[in-house]
$ cat protein.cif   # mmCIF, C-alpha atoms
data_input
#
loop_
_atom_site.label_atom_id
_atom_site.label_comp_id
_atom_site.auth_asym_id
_atom_site.auth_seq_id
_atom_site.Cartn_x
_atom_site.Cartn_y
_atom_site.Cartn_z
CA MET A 1 69.27 -38.97 -77.17
CA THR A 2 67.24 -40.20 -74.20
CA ILE A 3 63.65 -39.01 -74.06
CA GLU A 4 61.25 -40.67 -71.62
CA TYR A 5 57.50 -40.15 -71.50
CA LEU A 6 56.22 -40.48 -67.94
CA LYS A 7 52.73 -39.72 -69.25
CA ARG A 8 51.25 -39.66 -72.74
CA GLY A 9 48.03 -38.21 -74.10
CA LYS A 10 45.84 -39.45 -76.92
CA SER A 11 47.67 -40.95 -79.87
CA ASP A 12 47.95 -39.13 -83.20
CA ALA A 13 45.50 -41.68 -84.67
CA GLU A 14 42.90 -40.94 -81.98
CA ARG A 15 43.30 -37.22 -82.46
CA GLY A 16 43.02 -37.67 -86.21
CA ALA A 17 39.72 -39.53 -85.82
CA ASP A 18 38.36 -36.68 -83.70
CA ASP A 19 39.45 -34.18 -86.37
CA ALA A 20 37.69 -36.16 -89.11
CA LYS A 21 34.39 -36.05 -87.23
CA THR A 22 34.78 -32.31 -86.72
CA ARG A 23 35.49 -31.73 -90.43
CA ALA A 24 32.31 -33.51 -91.49
CA VAL A 25 30.10 -31.57 -89.07
CA VAL A 26 31.60 -28.24 -90.10
CA GLU A 27 31.31 -28.90 -93.83
CA ALA A 28 27.61 -29.77 -93.58
CA THR A 29 26.90 -26.77 -91.36
CA LEU A 30 28.62 -24.27 -93.66
CA GLN A 31 26.71 -25.66 -96.63
CA ASP A 32 23.48 -25.15 -94.71
CA ILE A 33 24.37 -21.54 -93.86
CA GLU A 34 25.18 -20.82 -97.50
CA ALA A 35 21.91 -22.35 -98.66
CA ARG A 36 19.53 -20.94 -96.05
CA GLY A 37 21.26 -17.88 -94.60
CA ASP A 38 19.61 -16.28 -91.59
CA THR A 39 17.18 -19.16 -91.16
CA ALA A 40 20.02 -21.65 -90.73
CA VAL A 41 21.88 -19.32 -88.38
CA ARG A 42 18.81 -18.93 -86.16
CA GLU A 43 18.16 -22.68 -86.04
CA LEU A 44 21.77 -23.35 -85.10
CA SER A 45 21.66 -20.70 -82.39
CA GLU A 46 18.50 -22.22 -80.96
CA LYS A 47 19.99 -25.71 -81.08
CA PHE A 48 23.42 -25.01 -79.58
CA ASP A 49 22.90 -21.87 -77.47
CA ASN A 50 19.16 -21.96 -76.77
CA TYR A 51 19.16 -18.35 -77.95
CA SER A 52 16.79 -16.79 -80.49
CA PRO A 53 16.51 -13.00 -80.11
CA LYS A 54 14.50 -10.67 -82.29
CA ALA A 55 17.80 -9.62 -83.91
CA PHE A 56 21.28 -11.05 -83.39
CA LYS A 57 22.85 -7.63 -84.02
CA LEU A 58 22.86 -5.45 -80.92
CA SER A 59 21.46 -1.94 -81.22
CA ALA A 60 23.23 1.09 -79.75
CA ASP A 61 20.70 1.17 -76.91
CA GLU A 62 21.26 -2.51 -76.14
CA ILE A 63 25.03 -1.96 -76.08
CA ASP A 64 24.65 0.99 -73.71
CA ALA A 65 22.38 -1.00 -71.41
CA LEU A 66 24.82 -3.90 -71.25
CA MET A 67 27.81 -1.64 -70.61
CA ALA A 68 25.92 -0.03 -67.73
CA LYS A 69 25.99 -3.42 -65.99
CA VAL A 70 29.81 -3.43 -65.87
CA THR A 71 31.08 -2.15 -62.52
CA PRO A 72 33.53 0.79 -62.39
CA ARG A 73 36.30 -1.53 -61.16
CA GLU A 74 35.66 -4.01 -63.97
CA MET A 75 35.59 -1.21 -66.52
CA ALA A 76 38.88 0.23 -65.25
CA ASP A 77 40.53 -3.20 -65.42
CA LEU A 78 39.15 -3.73 -68.89
CA LYS A 79 40.49 -0.38 -70.10
CA PHE A 80 43.90 -1.04 -68.54
CA ALA A 81 44.28 -4.31 -70.42
CA GLN A 82 42.96 -2.87 -73.66
CA GLU A 83 45.34 0.09 -73.46
CA ASN A 84 48.30 -2.31 -73.14
CA VAL A 85 47.13 -4.23 -76.21
CA ARG A 86 46.66 -0.99 -78.17
CA ARG A 87 50.07 0.40 -77.20
CA PHE A 88 51.91 -2.76 -78.23
CA ALA A 89 49.91 -3.03 -81.46
CA GLN A 90 50.68 0.61 -82.26
CA ALA A 91 54.38 0.01 -81.68
CA GLN A 92 54.19 -2.93 -84.09
CA ARG A 93 52.30 -0.82 -86.63
CA ASP A 94 54.90 1.93 -86.40
CA SER A 95 57.58 -0.62 -87.34
CA MET A 96 55.84 -1.37 -90.65
CA LEU A 97 56.96 1.28 -93.09
CA ASP A 98 55.79 2.13 -96.56
CA ILE A 99 58.84 2.28 -98.82
CA GLU A 100 59.80 3.79 -102.16
CA VAL A 101 63.18 3.12 -103.78
CA GLU A 102 64.70 4.46 -107.00
CA MET A 103 66.37 1.30 -108.26
CA GLN A 104 68.13 3.13 -111.08
CA PRO A 105 67.54 6.52 -112.67
CA GLY A 106 63.88 6.76 -113.65
CA VAL A 107 62.80 3.37 -112.17
CA ILE A 108 60.87 3.64 -108.91
CA LEU A 109 59.57 0.68 -106.85
CA GLY A 110 57.64 0.78 -103.63
CA HIS A 111 55.09 -0.83 -101.37
CA LYS A 112 52.18 0.36 -99.28
CA ASN A 113 50.66 -1.29 -96.22
CA ILE A 114 46.89 -1.11 -96.70
CA PRO A 115 44.32 -2.27 -94.12
CA VAL A 116 41.90 -5.02 -95.13
CA GLN A 117 38.54 -3.38 -95.70
CA SER A 118 36.44 -5.57 -93.41
CA VAL A 119 37.14 -8.08 -90.66
CA GLY A 120 35.03 -10.48 -88.64
CA CYS A 121 36.31 -10.97 -85.09
CA TYR A 122 35.19 -14.09 -83.25
CA VAL A 123 35.26 -13.84 -79.46
CA PRO A 124 34.64 -17.19 -77.69
CA GLY A 125 32.34 -17.16 -74.70
CA GLY A 126 30.07 -20.17 -74.38
CA LYS A 127 31.93 -21.80 -71.47
CA PHE A 128 33.89 -18.76 -70.26
CA PRO A 129 33.24 -15.16 -71.36
CA MET A 130 36.52 -14.42 -73.14
CA VAL A 131 36.67 -10.68 -72.53
CA ALA A 132 40.35 -10.51 -73.43
CA SER A 133 39.78 -11.91 -76.91
CA ALA A 134 37.89 -8.75 -77.80
CA HIS A 135 40.98 -6.67 -77.05
CA MET A 136 43.17 -8.97 -79.10
CA SER A 137 41.05 -8.99 -82.24
CA VAL A 138 38.85 -5.89 -82.24
CA ALA A 139 41.20 -3.32 -80.69
CA THR A 140 44.13 -4.52 -82.81
CA ALA A 141 42.03 -4.22 -85.97
CA SER A 142 41.15 -0.69 -84.91
CA VAL A 143 44.84 0.20 -84.51
CA ALA A 144 45.43 -1.18 -88.02
CA GLY A 145 42.77 1.15 -89.41
CA VAL A 146 40.27 -1.47 -90.66
CA PRO A 147 37.18 0.55 -91.75
CA ARG A 148 34.58 -2.15 -90.97
CA ILE A 149 35.02 -4.31 -87.89
CA ILE A 150 32.26 -6.73 -86.92
CA ALA A 151 32.39 -8.90 -83.83
CA CYS A 152 30.53 -12.04 -82.80
CA THR A 153 30.32 -13.73 -79.43
CA PRO A 154 27.96 -16.44 -78.17
CA PRO A 155 25.50 -15.75 -75.36
CA PHE A 156 26.74 -16.59 -71.88
CA ASN A 157 24.16 -18.37 -69.75
CA GLY A 158 21.51 -17.39 -72.27
CA VAL A 159 22.25 -13.65 -72.53
CA PRO A 160 24.95 -11.35 -73.91
CA ASN A 161 27.84 -10.98 -71.50
CA PRO A 162 28.14 -7.30 -70.51
CA ALA A 163 31.93 -7.28 -70.10
CA VAL A 164 32.53 -8.93 -73.48
CA ILE A 165 30.19 -6.49 -75.20
CA ALA A 166 31.86 -3.57 -73.43
CA ALA A 167 35.29 -4.75 -74.58
CA MET A 168 34.06 -5.11 -78.17
CA HIS A 169 32.51 -1.64 -78.15
CA LEU A 170 35.51 0.05 -76.53
CA GLY A 171 37.79 -1.82 -78.93
CA GLY A 172 36.09 -0.18 -81.90
CA ALA A 173 33.64 -2.74 -83.28
CA HIS A 174 31.21 -1.19 -85.75
CA GLU A 175 28.72 -4.09 -85.59
CA ILE A 176 28.24 -6.50 -82.68
CA TYR A 177 26.34 -9.78 -83.03
CA VAL A 178 25.45 -12.25 -80.29
CA MET A 179 26.01 -15.60 -81.95
CA GLY A 180 28.56 -18.34 -81.53
CA GLY A 181 30.28 -21.32 -83.06
CA ILE A 182 30.20 -22.37 -86.68
CA GLN A 183 27.12 -20.24 -87.34
CA ALA A 184 28.94 -17.05 -86.32
CA VAL A 185 32.07 -17.75 -88.34
CA GLY A 186 30.03 -18.96 -91.32
CA ALA A 187 27.70 -15.98 -91.28
CA MET A 188 30.58 -13.50 -91.17
CA ALA A 189 32.46 -15.18 -94.02
CA ILE A 190 29.61 -16.28 -96.28
CA GLY A 191 27.13 -13.53 -95.48
CA THR A 192 23.38 -13.77 -94.96
CA GLU A 193 20.36 -11.63 -95.77
CA THR A 194 21.24 -9.37 -92.83
CA ILE A 195 25.04 -9.67 -92.56
CA ASP A 196 27.40 -8.51 -95.29
CA PRO A 197 30.39 -10.87 -95.63
CA VAL A 198 33.84 -9.80 -94.50
CA HIS A 199 37.25 -10.09 -96.14
CA LEU A 200 39.12 -11.56 -93.14
CA LEU A 201 38.24 -13.78 -90.17
CA VAL A 202 40.23 -13.60 -86.93
CA GLY A 203 40.03 -14.91 -83.40
CA PRO A 204 40.42 -18.14 -81.45
CA GLY A 205 37.75 -20.75 -80.81
CA ASN A 206 37.03 -24.39 -80.17
CA ALA A 207 37.82 -27.17 -82.63
CA PHE A 208 34.66 -26.48 -84.65
CA VAL A 209 35.42 -22.76 -85.00
CA ALA A 210 39.00 -23.49 -86.00
CA GLU A 211 37.91 -26.04 -88.59
CA ALA A 212 35.28 -23.65 -89.97
CA LYS A 213 37.96 -21.02 -90.48
CA ARG A 214 40.17 -23.58 -92.19
CA GLN A 215 37.40 -24.59 -94.60
CA LEU A 216 36.51 -20.96 -95.33
CA PHE A 217 40.11 -19.95 -96.07
CA GLY A 218 40.39 -18.85 -99.66
CA ARG A 219 36.88 -17.52 -99.71
CA VAL A 220 38.09 -15.14 -97.03
CA GLY A 221 41.42 -14.65 -95.36
CA ILE A 222 42.05 -16.00 -91.88
CA ASP A 223 44.55 -14.95 -89.27
CA LEU A 224 45.84 -18.45 -88.50
CA PHE A 225 44.78 -21.87 -87.31
CA ALA A 226 43.88 -21.06 -83.70
CA GLY A 227 42.08 -24.02 -82.21
CA PRO A 228 41.91 -25.39 -78.66
CA THR A 229 44.60 -23.90 -76.46
CA GLU A 230 47.93 -25.65 -75.93
CA THR A 231 50.58 -25.09 -73.30
CA MET A 232 54.07 -26.37 -72.64
CA VAL A 233 56.13 -25.85 -69.52
CA ILE A 234 59.89 -26.15 -70.03
CA ALA A 235 61.43 -26.38 -66.57
CA ASP A 236 64.48 -27.48 -64.64
CA GLU A 237 65.09 -27.63 -60.90
CA THR A 238 65.25 -23.85 -60.58
CA VAL A 239 61.46 -24.05 -60.04
CA ASP A 240 59.22 -26.37 -58.06
CA ALA A 241 56.34 -28.70 -58.79
CA GLU A 242 53.64 -26.33 -57.53
CA ILE A 243 54.39 -23.66 -60.12
CA CYS A 244 54.72 -26.23 -62.93
CA ALA A 245 51.44 -27.95 -62.05
CA THR A 246 49.63 -24.64 -61.66
CA ASP A 247 50.79 -23.40 -65.05
CA LEU A 248 49.75 -26.64 -66.75
CA LEU A 249 46.29 -26.88 -65.20
CA GLY A 250 45.71 -23.15 -65.63
CA GLN A 251 45.49 -23.78 -69.37
CA ALA A 252 43.92 -27.25 -69.19
CA GLU A 253 40.74 -25.66 -67.79
CA HIS A 254 40.08 -24.01 -71.19
CA GLY A 255 38.37 -27.08 -72.63
CA TYR A 256 38.25 -30.85 -72.79
CA ASN A 257 40.92 -31.08 -75.50
CA SER A 258 43.63 -28.65 -74.45
CA PRO A 259 47.08 -30.28 -74.70
CA CYS A 260 49.42 -29.48 -71.80
CA VAL A 261 53.00 -30.76 -71.71
CA LEU A 262 55.74 -30.67 -69.09
CA LEU A 263 59.20 -30.87 -70.64
CA THR A 264 62.05 -31.20 -68.14
CA ASN A 265 65.52 -32.58 -67.57
CA SER A 266 64.66 -33.47 -63.96
CA ARG A 267 62.91 -36.74 -63.30
CA LYS A 268 62.45 -35.60 -59.69
CA LEU A 269 60.58 -32.47 -60.80
CA ALA A 270 58.50 -34.51 -63.27
CA GLU A 271 57.36 -36.99 -60.62
CA GLU A 272 56.65 -34.26 -58.08
CA THR A 273 54.64 -32.32 -60.68
CA LEU A 274 52.50 -35.39 -61.41
CA ARG A 275 51.68 -35.68 -57.70
CA GLU A 276 51.01 -31.95 -57.43
CA ILE A 277 48.63 -32.07 -60.38
CA ASP A 278 46.64 -34.80 -58.62
CA ARG A 279 46.49 -32.63 -55.48
CA ILE A 280 45.35 -29.48 -57.30
CA LEU A 281 42.70 -31.34 -59.27
CA GLU A 282 41.02 -32.23 -55.98
CA ILE A 283 40.51 -28.54 -55.11
CA LEU A 284 40.35 -26.75 -58.49
CA PRO A 285 36.79 -25.49 -59.15
CA THR A 286 37.24 -26.09 -62.88
CA ALA A 287 38.63 -29.59 -62.39
CA GLY A 288 35.70 -31.09 -64.27
CA THR A 289 37.19 -29.67 -67.45
CA ALA A 290 40.89 -29.58 -66.55
CA ARG A 291 40.97 -33.22 -65.45
CA VAL A 292 39.66 -34.44 -68.82
CA SER A 293 42.20 -32.37 -70.71
CA TRP A 294 45.01 -33.57 -68.49
CA GLU A 295 44.01 -37.23 -68.69
CA ASP A 296 43.47 -37.23 -72.48
CA TYR A 297 46.02 -34.67 -73.65
CA GLY A 298 48.53 -34.17 -70.83
CA GLU A 299 52.12 -35.32 -71.28
CA VAL A 300 55.25 -35.40 -69.14
CA ILE A 301 58.54 -35.74 -71.01
CA VAL A 302 61.94 -36.15 -69.37
CA CYS A 303 65.11 -35.41 -71.36
CA ASP A 304 68.78 -35.71 -70.48
CA THR A 305 69.99 -32.35 -71.79
CA TYR A 306 68.84 -28.84 -72.59
CA ASP A 307 69.62 -29.46 -76.26
CA GLU A 308 67.20 -32.41 -76.22
CA MET A 309 64.57 -30.25 -74.55
CA LEU A 310 65.02 -27.63 -77.26
CA ALA A 311 64.66 -30.21 -80.04
CA VAL A 312 61.49 -31.72 -78.51
CA ALA A 313 59.99 -28.28 -77.90
CA ASP A 314 60.52 -27.20 -81.50
CA ASP A 315 59.04 -30.47 -82.75
CA ILE A 316 55.87 -30.08 -80.65
CA ALA A 317 55.62 -26.35 -81.54
CA SER A 318 53.20 -25.60 -78.72
CA GLU A 319 51.01 -22.51 -78.68
CA HIS A 320 52.15 -21.23 -75.26
CA VAL A 321 55.64 -22.08 -74.05
CA GLN A 322 56.42 -21.24 -70.42
CA VAL A 323 60.22 -21.36 -69.91
CA MET A 324 61.47 -21.56 -66.33
CA THR A 325 65.12 -22.61 -66.36
CA ASP A 326 68.59 -21.36 -65.54
CA ARG A 327 68.95 -20.31 -69.22
CA ASP A 328 65.67 -18.74 -70.32
CA ASP A 329 67.33 -16.36 -72.78
CA TRP A 330 69.12 -19.32 -74.40
CA PHE A 331 65.71 -20.76 -75.27
CA LEU A 332 64.61 -17.34 -76.58
CA GLU A 333 67.68 -17.22 -78.83
CA ASN A 334 67.39 -20.77 -80.09
CA MET A 335 63.71 -21.78 -80.23
CA THR A 336 62.17 -21.44 -83.68
CA CYS A 337 58.71 -23.07 -83.55
CA TYR A 338 56.11 -21.88 -81.04
CA GLY A 339 53.22 -19.47 -80.59
CA ALA A 340 54.54 -17.23 -77.84
CA LEU A 341 57.24 -17.52 -75.18
CA PHE A 342 56.75 -16.67 -71.51
CA LEU A 343 60.18 -16.32 -69.97
CA GLY A 344 60.97 -16.83 -66.30
CA ALA A 345 58.98 -17.85 -63.26
CA ARG A 346 57.69 -14.29 -62.75
CA THR A 347 55.97 -14.47 -66.14
CA ASN A 348 52.94 -16.61 -66.85
CA VAL A 349 50.60 -17.48 -69.69
CA ALA A 350 47.56 -16.01 -67.95
CA ASN A 351 49.17 -12.55 -68.03
CA GLY A 352 49.70 -12.94 -71.75
CA ASP A 353 46.14 -14.16 -72.17
CA LYS A 354 44.52 -11.29 -70.33
CA VAL A 355 46.50 -8.13 -69.70
CA ILE A 356 50.18 -7.73 -70.51
CA GLY A 357 49.68 -6.49 -74.09
CA THR A 358 50.93 -9.20 -76.44
CA ASN A 359 48.25 -10.90 -78.52
CA HIS A 360 46.80 -14.17 -77.21
CA THR A 361 45.48 -15.46 -80.55
CA LEU A 362 48.30 -17.86 -81.37
CA PRO A 363 49.05 -20.80 -83.69
CA THR A 364 48.05 -24.31 -82.58
CA LYS A 365 48.42 -27.82 -84.03
CA LYS A 366 52.07 -27.18 -84.99
CA ALA A 367 51.19 -24.08 -87.05
CA GLY A 368 53.95 -22.28 -85.15
CA ARG A 369 56.32 -23.91 -87.63
CA TYR A 370 55.15 -21.50 -90.35
CA THR A 371 53.33 -18.58 -88.73
CA GLY A 372 53.32 -16.41 -85.67
CA GLY A 373 50.23 -15.22 -83.87
CA LEU A 374 47.68 -12.53 -84.56
CA TRP A 375 49.17 -9.05 -84.62
CA VAL A 376 48.47 -5.71 -86.21
CA GLY A 377 50.27 -6.79 -89.39
CA LYS A 378 47.69 -9.53 -90.04
CA TYR A 379 45.16 -6.79 -90.81
CA LEU A 380 47.46 -5.13 -93.31
CA LYS A 381 48.17 -6.10 -96.91
CA THR A 382 51.52 -5.12 -98.36
CA HIS A 383 51.00 -4.07 -101.98
CA SER A 384 53.82 -3.22 -104.34
CA TYR A 385 53.84 -0.62 -107.13
CA GLN A 386 56.16 0.33 -109.96
CA LYS A 387 56.72 3.57 -111.83
CA ILE A 388 59.05 4.47 -114.74
CA THR A 389 59.52 8.20 -115.16
CA THR A 390 62.01 8.67 -118.02
CA ASP A 391 62.16 7.64 -121.67
CA GLU A 392 65.64 6.24 -121.19
CA ALA A 393 64.58 3.96 -118.34
CA ALA A 394 61.49 2.79 -120.24
CA ALA A 395 63.64 1.79 -123.20
CA GLU A 396 66.34 0.09 -121.14
CA ILE A 397 64.01 -1.92 -118.90
CA GLY A 398 61.87 -2.66 -121.95
CA ALA A 399 64.80 -4.15 -123.82
CA TYR A 400 65.73 -6.45 -120.95
CA GLY A 401 62.09 -7.41 -120.46
CA SER A 402 61.63 -8.12 -124.17
CA ARG A 403 64.54 -10.54 -124.34
CA LEU A 404 63.57 -12.32 -121.09
CA CYS A 405 59.99 -12.75 -122.31
CA MET A 406 61.23 -14.28 -125.58
CA LEU A 407 63.48 -16.61 -123.54
CA GLU A 408 60.28 -18.07 -122.08
CA GLY A 409 58.37 -18.01 -125.34
CA PHE A 410 55.92 -15.26 -124.37
CA VAL A 411 55.70 -13.23 -127.57
CA GLY A 412 52.74 -11.16 -126.38
CA HIS A 413 54.57 -10.30 -123.18
CA ALA A 414 57.63 -9.31 -125.22
CA GLU A 415 55.55 -7.02 -127.39
CA GLN A 416 54.42 -5.08 -124.29
CA CYS A 417 58.08 -4.31 -123.75
CA ASN A 418 58.91 -3.78 -127.46
CA VAL A 419 56.28 -1.10 -127.93
CA ARG A 420 58.01 0.92 -125.18
CA VAL A 421 61.42 0.36 -126.76
CA ARG A 422 60.07 1.62 -130.10
CA ARG A 423 58.14 4.55 -128.61
CA TYR A 424 60.58 5.78 -125.96
CA GLY A 425 63.94 4.52 -127.29
CA GLY A 426 63.49 5.10 -131.00
CA VAL A 427 64.54 1.51 -131.80
CA ASN A 428 62.64 -0.49 -134.41
CA VAL A 429 62.08 -3.95 -132.93
CA PRO A 430 60.40 -6.36 -135.39
CA TYR A 431 57.30 -8.07 -134.02
CA GLY A 432 58.02 -11.49 -132.49
CA THR A 433 61.68 -10.78 -131.71
CA GLY A 434 63.59 -9.64 -128.68
CA ALA A 435 64.93 -6.13 -128.50
CA PRO A 436 68.60 -5.61 -129.30
CA ALA A 437 70.78 -4.95 -126.27
CA VAL A 438 73.15 -2.06 -126.84
CA GLU A 439 70.94 0.21 -128.91
CA ALA A 440 67.99 0.06 -126.48
CA ALA A 441 70.15 0.68 -123.45
CA GLU A 442 71.82 3.79 -124.82
#
$ encode --input "protein.cif" --output "structure tokens"
Amino acid sequence: MTIEYLKRGKSDAERGADDAKTRAVVEATLQDIEARGDTAVRELSEKFDNYSPKAFKLSADEIDALMAKVTPREMADLKFAQENVRRFAQAQRDSMLDIEVEMQPGVILGHKNIPVQSVGCYVPGGKFPMVASAHMSVATASVAGVPRIIACTPPFNGVPNPAVIAAMHLGGAHEIYVMGGIQAVGAMAIGTETIDPVHLLVGPGNAFVAEAKRQLFGRVGIDLFAGPTETMVIADETVDAEICATDLLGQAEHGYNSPCVLLTNSRKLAEETLREIDRILEILPTAGTARVSWEDYGEVIVCDTYDEMLAVADDIASEHVQVMTDRDDWFLENMTCYGALFLGARTNVANGDKVIGTNHTLPTKKAGRYTGGLWVGKYLKTHSYQKITTDEAAAEIGAYGSRLCMLEGFVGHAEQCNVRVRRYGGVNVPYGTGAPAVEAAE
């Protein structure tokens, strides 16, 4: 296997040191929120967002006033995107069936898909107002039937962003708060004097938001580890350097630590893409951010074969994987570790981020090895139930259960089964023994 790195980003050790600093800041901040509630939240908002309103929760009148600032064209675009997200989420929900099966006469097993009872949706917006994130988290929770949906977003340039608030409201949020970062995630999960805690946290965010969700997991559920965005372009010579460079830098502008990787079997394309990236960075308005991400986290990897490209791609397990090759469907069939695939040159990550209908909250930091992205099923809990409806079944299952409990030494467990064998099967099972086989089953 020949794999050549024409460009590398920060080493794993450097990234690990950054993560350690983030963990310490988040831990101290969450402890402060738990100890001082609303007071801590307000101080953090003043410190990081220079924002200290009379109330962080928006009133109905405030929501109406903000929505009135959204132009008709913007509102139509917003509704178009949100409808796509809702339709795809509904199709996913329709695929999740409640079941009930009679395993044998008188023994019925089943499961129900029950919505979580409250969710906190974080919508990033300090650097860019992430309107689309409201569709992905709030509207999808609404499709799932969550009865209490609260949403938080930071102020944008010192005030609530009208389009983000409109998207939250149209998506079905029952409570909308203007607050960002660790304080928003902590307040939703821990609760304060004015905010009741939720059962589940969802939504993307920067490294501090992602780490806060990680530390809060267990106290509440989380959708997944969705930190700074990542993108990978898998390309061969069926596409050119301009489209590769554009797709890489289009995601690098998210933040200063957004990994972006070109994976190709063409050294010519790799070298041309490096030159094209330099050219675009000279004219890109967001180059101040994108350049840092590219310099610190950008990588260009050249492989000999498609099989090598597949192996490297699955090892990196990038959040967004843009595939532009002569065998896109082969990658779809064979890739196993990623957030979402974007297949063919006509497709692009920005469409997935904003409008096409799939969810853009996706696993980062190799989490694609064990989870997919946010979807309607993340808001649903699958709960099983059991029911025995005949005396004969109670006695038969009881006899098996009794003997298996005794095999493990659980006498009290066995007696739960034995009392059913005695009551419904008419068999006298001495205390502390397993039920006999033939008599209980007949």
$ residues_near_point --input "protein.cif" --point "(19.0, -20.5, -94.6)" --cutoff "12 Å" --atoms "only C-alpha atoms" --output "ChimeraX atom specification"
/A:29-44,183,186-187,190-194
$ closest_atom_pairs --input "protein.cif" --of "range 114-215 of chain A" --to "range 376-399 of chain A" --cutoff "6 Å" --atoms "all atoms listed in the file" --output "tab-separated table"
residue	atom	partner	partner_atom	distance
A:Ile114	CA	A:Lys381	CA	5.2
A:Pro115	CA	A:Leu380	CA	4.3
A:Val116	CA	A:Tyr379	CA	5.7
A:Thr140	CA	A:Val376	CA	5.6
A:Ala144	CA	A:Val376	CA	5.7
$ atom_distance --input "protein.cif" --atom1 "CA of Glu46 in chain A" --atom2 "CA of Thr153 in chain A"
14.6 Å
$ resolve_selection --input "protein.cif" --expression "the PyMOL selection byres ((chain A and resi 355-365) around 7)" --output "PyMOL selection string"
chain A and resi 81+84-85+88+136+203-204+224-227+230+318-319+339+351-354+366-368+371-375
$ write_last_selection --input "protein.cif" --atoms "C-alpha atoms" --output "short mmCIF file (atom, residue, chain, number, x, y, z; two decimals), keeping the file's coordinate frame"
data_model
loop_
_atom_site.label_atom_id
_atom_site.label_comp_id
_atom_site.auth_asym_id
_atom_site.auth_seq_id
_atom_site.Cartn_x
_atom_site.Cartn_y
_atom_site.Cartn_z
CA ALA A 81 44.28 -4.31 -70.42
CA ASN A 84 48.30 -2.31 -73.14
CA VAL A 85 47.13 -4.23 -76.21
CA PHE A 88 51.91 -2.76 -78.23
CA MET A 136 43.17 -8.97 -79.10
CA GLY A 203 40.03 -14.91 -83.40
CA PRO A 204 40.42 -18.14 -81.45
CA LEU A 224 45.84 -18.45 -88.50
CA PHE A 225 44.78 -21.87 -87.31
CA ALA A 226 43.88 -21.06 -83.70
CA GLY A 227 42.08 -24.02 -82.21
CA GLU A 230 47.93 -25.65 -75.93
CA SER A 318 53.20 -25.60 -78.72
CA GLU A 319 51.01 -22.51 -78.68
CA GLY A 339 53.22 -19.47 -80.59
CA ASN A 351 49.17 -12.55 -68.03
CA GLY A 352 49.70 -12.94 -71.75
CA ASP A 353 46.14 -14.16 -72.17
CA LYS A 354 44.52 -11.29 -70.33
CA LYS A 366 52.07 -27.18 -84.99
CA ALA A 367 51.19 -24.08 -87.05
CA GLY A 368 53.95 -22.28 -85.15
CA THR A 371 53.33 -18.58 -88.73
CA GLY A 372 53.32 -16.41 -85.67
CA GLY A 373 50.23 -15.22 -83.87
CA LEU A 374 47.68 -12.53 -84.56
CA TRP A 375 49.17 -9.05 -84.62
#
$ resolve_selection --input "protein.cif" --expression "the PyMOL selection byres ((chain A and resi 159) around 10)" --output "ChimeraX atom specification"
/A:49-51,53,154-158,160-162,178
$ resolve_selection --input "protein.cif" --expression "the PyMOL selection byres ((chain A and resi 334) around 12)" --output "ChimeraX atom specification"
/A:306-307,309-311,313-314,327-333,335-338,341
$ write_last_selection --input "protein.cif" --atoms "C-alpha atoms" --output "PDB file, in the coordinates of the input"
ATOM      1  CA  TYR A 306      68.840 -28.840 -72.590  1.00  0.00           C
ATOM      2  CA  ASP A 307      69.620 -29.460 -76.260  1.00  0.00           C
ATOM      3  CA  MET A 309      64.570 -30.250 -74.550  1.00  0.00           C
ATOM      4  CA  LEU A 310      65.020 -27.630 -77.260  1.00  0.00           C
ATOM      5  CA  ALA A 311      64.660 -30.210 -80.040  1.00  0.00           C
ATOM      6  CA  ALA A 313      59.990 -28.280 -77.900  1.00  0.00           C
ATOM      7  CA  ASP A 314      60.520 -27.200 -81.500  1.00  0.00           C
ATOM      8  CA  ARG A 327      68.950 -20.310 -69.220  1.00  0.00           C
ATOM      9  CA  ASP A 328      65.670 -18.740 -70.320  1.00  0.00           C
ATOM     10  CA  ASP A 329      67.330 -16.360 -72.780  1.00  0.00           C
ATOM     11  CA  TRP A 330      69.120 -19.320 -74.400  1.00  0.00           C
ATOM     12  CA  PHE A 331      65.710 -20.760 -75.270  1.00  0.00           C
ATOM     13  CA  LEU A 332      64.610 -17.340 -76.580  1.00  0.00           C
ATOM     14  CA  GLU A 333      67.680 -17.220 -78.830  1.00  0.00           C
ATOM     15  CA  MET A 335      63.710 -21.780 -80.230  1.00  0.00           C
ATOM     16  CA  THR A 336      62.170 -21.440 -83.680  1.00  0.00           C
ATOM     17  CA  CYS A 337      58.710 -23.070 -83.550  1.00  0.00           C
ATOM     18  CA  TYR A 338      56.110 -21.880 -81.040  1.00  0.00           C
ATOM     19  CA  LEU A 341      57.240 -17.520 -75.180  1.00  0.00           C
TER      20      LEU A 341
END
$ residues_around --input "protein.cif" --residues "Ala287 in chain A" --least-positions-apart "3" --cutoff "12 Å" --atoms "all atoms listed in the file" --output "list of chain:residue names"
A:Leu249, A:Gly250, A:Gln251, A:Ala252, A:Glu253, A:His254, A:Gly255, A:Tyr256, A:Ile277, A:Asp278, A:Arg279, A:Ile280, A:Leu281, A:Glu282, A:Ile283, A:Leu284, A:Ala290, A:Arg291, A:Val292, A:Ser293, A:Trp294, A:Glu295
$ atom_distance --input "protein.cif" --atom1 "CA of Tyr297 in chain A" --atom2 "CA of Thr229 in chain A"
11.2 Å
$ atom_distance --input "protein.cif" --atom1 "CA of Ser52 in chain A" --atom2 "CA of Gly205 in chain A"
21.3 Å
$ residues_around --input "protein.cif" --residues "Arg346 in chain A" --least-positions-apart "6" --cutoff "12 Å" --atoms "all atoms listed in the file" --output "list in words"
Val239, Ile243, Asp247, Gln322, Val323, Met324, Thr325 and Asp328 of chain A
